[in-house]
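S.K.: Before we start, here is the structure in question, set down as C-alpha coordinates.
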Amino acid sequence: MVDTTPLSRAVDHFADRLRAAPQSRLQRGAAAEALELARELARWAQRIEEPGVEPREMPDAGMFAAADQITVAGHDLAVVLTSEDEVAEAVARVEEAQKRAGV
(Lines give C-alpha, C1' and ligand atoms only; values in the text may rest on other atoms or scores of the structure.)
Protein backbone atom coordinates (compact mmCIF):
# COMPACT_ATOMS: atom_id res chain seq x y z
CA MET A 1 0.00 0.00 0.00
CA VAL A 2 1.27 3.45 -0.93
CA ASP A 3 1.63 6.17 1.71
CA THR A 4 -0.37 9.11 0.38
CA THR A 5 0.00 11.17 3.56
CA PRO A 6 2.31 13.71 1.86
CA LEU A 7 -0.36 14.42 -0.76
CA SER A 8 -3.10 14.76 1.83
CA ARG A 9 -0.94 17.16 3.84
CA ALA A 10 -0.05 19.27 0.79
CA VAL A 11 -3.68 19.51 -0.30
CA ASP A 12 -4.88 20.36 3.21
CA HIS A 13 -2.17 23.01 3.59
CA PHE A 14 -3.09 24.69 0.31
CA ALA A 15 -6.78 24.57 1.22
CA ASP A 16 -6.10 26.08 4.65
CA ARG A 17 -4.08 28.89 3.06
CA LEU A 18 -6.94 29.61 0.64
CA ARG A 19 -9.47 29.71 3.46
CA ALA A 20 -7.28 32.21 5.33
CA ALA A 21 -6.63 34.38 2.27
CA PRO A 22 -8.41 37.69 1.87
CA GLN A 23 -11.11 37.92 -0.76
CA SER A 24 -8.95 40.28 -2.81
CA ARG A 25 -6.24 37.61 -3.18
CA LEU A 26 -8.83 35.03 -4.20
CA GLN A 27 -10.15 37.45 -6.82
CA ARG A 28 -6.66 38.18 -8.14
CA GLY A 29 -6.20 34.60 -9.21
CA ALA A 30 -5.67 32.36 -6.21
CA ALA A 31 -9.14 30.84 -6.53
CA ALA A 32 -8.75 30.33 -10.28
CA GLU A 33 -5.40 28.60 -9.72
CA ALA A 34 -6.98 26.36 -7.08
CA LEU A 35 -9.88 25.47 -9.37
CA GLU A 36 -7.49 24.56 -12.18
CA LEU A 37 -5.56 22.31 -9.78
CA ALA A 38 -8.78 20.70 -8.55
CA ARG A 39 -9.82 20.00 -12.12
CA GLU A 40 -6.40 18.54 -12.94
CA LEU A 41 -6.40 16.26 -9.89
CA ALA A 42 -9.99 15.17 -10.57
CA ARG A 43 -9.18 14.31 -14.20
CA TRP A 44 -6.13 12.34 -13.07
CA ALA A 45 -8.19 10.30 -10.59
CA GLN A 46 -10.93 9.69 -13.15
CA ARG A 47 -8.43 8.45 -15.75
CA ILE A 48 -7.18 5.89 -13.21
CA GLU A 49 -10.65 4.83 -12.07
CA GLU A 50 -12.28 4.80 -15.50
CA PRO A 51 -9.69 4.25 -18.21
CA GLY A 52 -10.96 5.00 -21.67
CA VAL A 53 -13.79 7.19 -20.41
CA GLU A 54 -13.66 10.94 -21.02
CA PRO A 55 -13.15 12.64 -17.62
CA ARG A 56 -15.92 14.93 -16.43
CA GLU A 57 -14.96 18.51 -15.63
CA MET A 58 -15.30 19.78 -12.10
CA PRO A 59 -17.66 22.78 -12.19
CA ASP A 60 -16.70 26.26 -11.06
CA ALA A 61 -18.52 26.56 -7.74
CA GLY A 62 -17.16 30.02 -7.01
CA MET A 63 -14.05 31.40 -5.39
CA PHE A 64 -15.13 30.56 -1.85
CA ALA A 65 -15.52 26.87 -2.76
CA ALA A 66 -12.06 26.51 -4.33
CA ALA A 67 -10.46 25.28 -1.09
CA ASP A 68 -13.10 22.58 -0.69
CA GLN A 69 -12.74 21.58 -4.33
CA ILE A 70 -9.00 20.98 -4.09
CA THR A 71 -9.52 19.10 -0.83
CA VAL A 72 -12.06 16.74 -2.39
CA ALA A 73 -10.11 16.24 -5.62
CA GLY A 74 -6.81 15.75 -3.81
CA HIS A 75 -8.16 13.22 -1.36
CA ASP A 76 -9.99 11.38 -4.13
CA LEU A 77 -6.74 11.13 -6.07
CA ALA A 78 -4.86 9.94 -2.99
CA VAL A 79 -7.20 6.95 -2.74
CA VAL A 80 -6.37 5.68 -6.24
CA LEU A 81 -2.63 6.37 -6.59
CA THR A 82 -0.52 3.23 -6.73
CA SER A 83 3.10 4.34 -6.46
CA GLU A 84 5.36 6.62 -4.46
CA ASP A 85 6.39 8.33 -7.71
CA GLU A 86 2.77 9.25 -8.45
CA VAL A 87 2.38 10.64 -4.94
CA ALA A 88 5.55 12.71 -5.34
CA GLU A 89 4.34 14.05 -8.69
CA ALA A 90 0.96 14.98 -7.22
CA VAL A 91 2.60 16.74 -4.26
CA ALA A 92 4.82 18.70 -6.65
CA ARG A 93 1.79 19.80 -8.68
CA VAL A 94 -0.01 20.96 -5.52
CA GLU A 95 3.04 22.89 -4.28
CA GLU A 96 3.58 24.52 -7.68
CA ALA A 97 -0.06 25.59 -7.87
CA GLN A 98 0.11 27.00 -4.36
CA LYS A 99 3.16 29.08 -5.32
CA ARG A 100 1.40 30.38 -8.44
CA ALA A 101 -1.65 31.21 -6.31
CA GLY A 102 0.50 33.23 -3.96
CA VAL A 103 -0.93 31.82 -0.74
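Please note that chains go A, B, ... in the order of the C-alpha coordinates, that every chain numbers its residues from 1, and that ligands are numbered from 1 in the order shown.
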Residues of segment 35-69 of chain A that approach segment 6-29 of chain A to 8 Å or less, counting only C-alpha atoms: could you list each one with the shortest pair of atoms and its distance in Å to one decimal, rows by chain and increasing residue number, as CSV?

M.R.:
```
residue,atom,partner,partner_atom,distance
A:Met63,CA,A:Leu26,CA,6.5
A:Phe64,CA,A:Arg19,CA,7.8
A:Ala66,CA,A:Leu18,CA,7.8
A:Ala67,CA,A:Ala15,CA,4.4
A:Asp68,CA,A:Ala15,CA,6.9
```

S.K.: DSSP says alpha helix (DSSP H) for which residues of segment 5-88 of chain A? Put them as a VMD selection string?

M.R.: chain A and resid 5 to 20 23 to 25 31 to 49 66 to 80 84 to 88

S.K.: Could you work out how far atom CA of Ala97 of chain A lies from atom CA of Glu33 of chain A, giving the answer in Å with one decimal?

M.R.: 6.4 Å

S.K.: Can you tell me, as a ChimeraX atom specification, what residues are no more than 9 Å from Leu81 of chain A when counting only C-alpha atoms, ignoring any on the same chain fewer than 4 positions away?

M.R.: /A:2,4,45,48,77,86-87

S.K.: Between atom CA of Gly102 of chain A and atom CA of Asp3 of chain A, what is the distance in Å, rounded to a tenth?

M.R.: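 Atom-to-atom, atom CA of Gly102 of chain A to atom CA of Asp3 of chain A, that is 27.7 Å.
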
S.K.: I need the residue nearest Arg56 of chain A from this list: A:Arg43, A:Arg93, A:His75, A:Arg100. Use only C-alpha atoms for the distance.

M.R.: A:Arg43
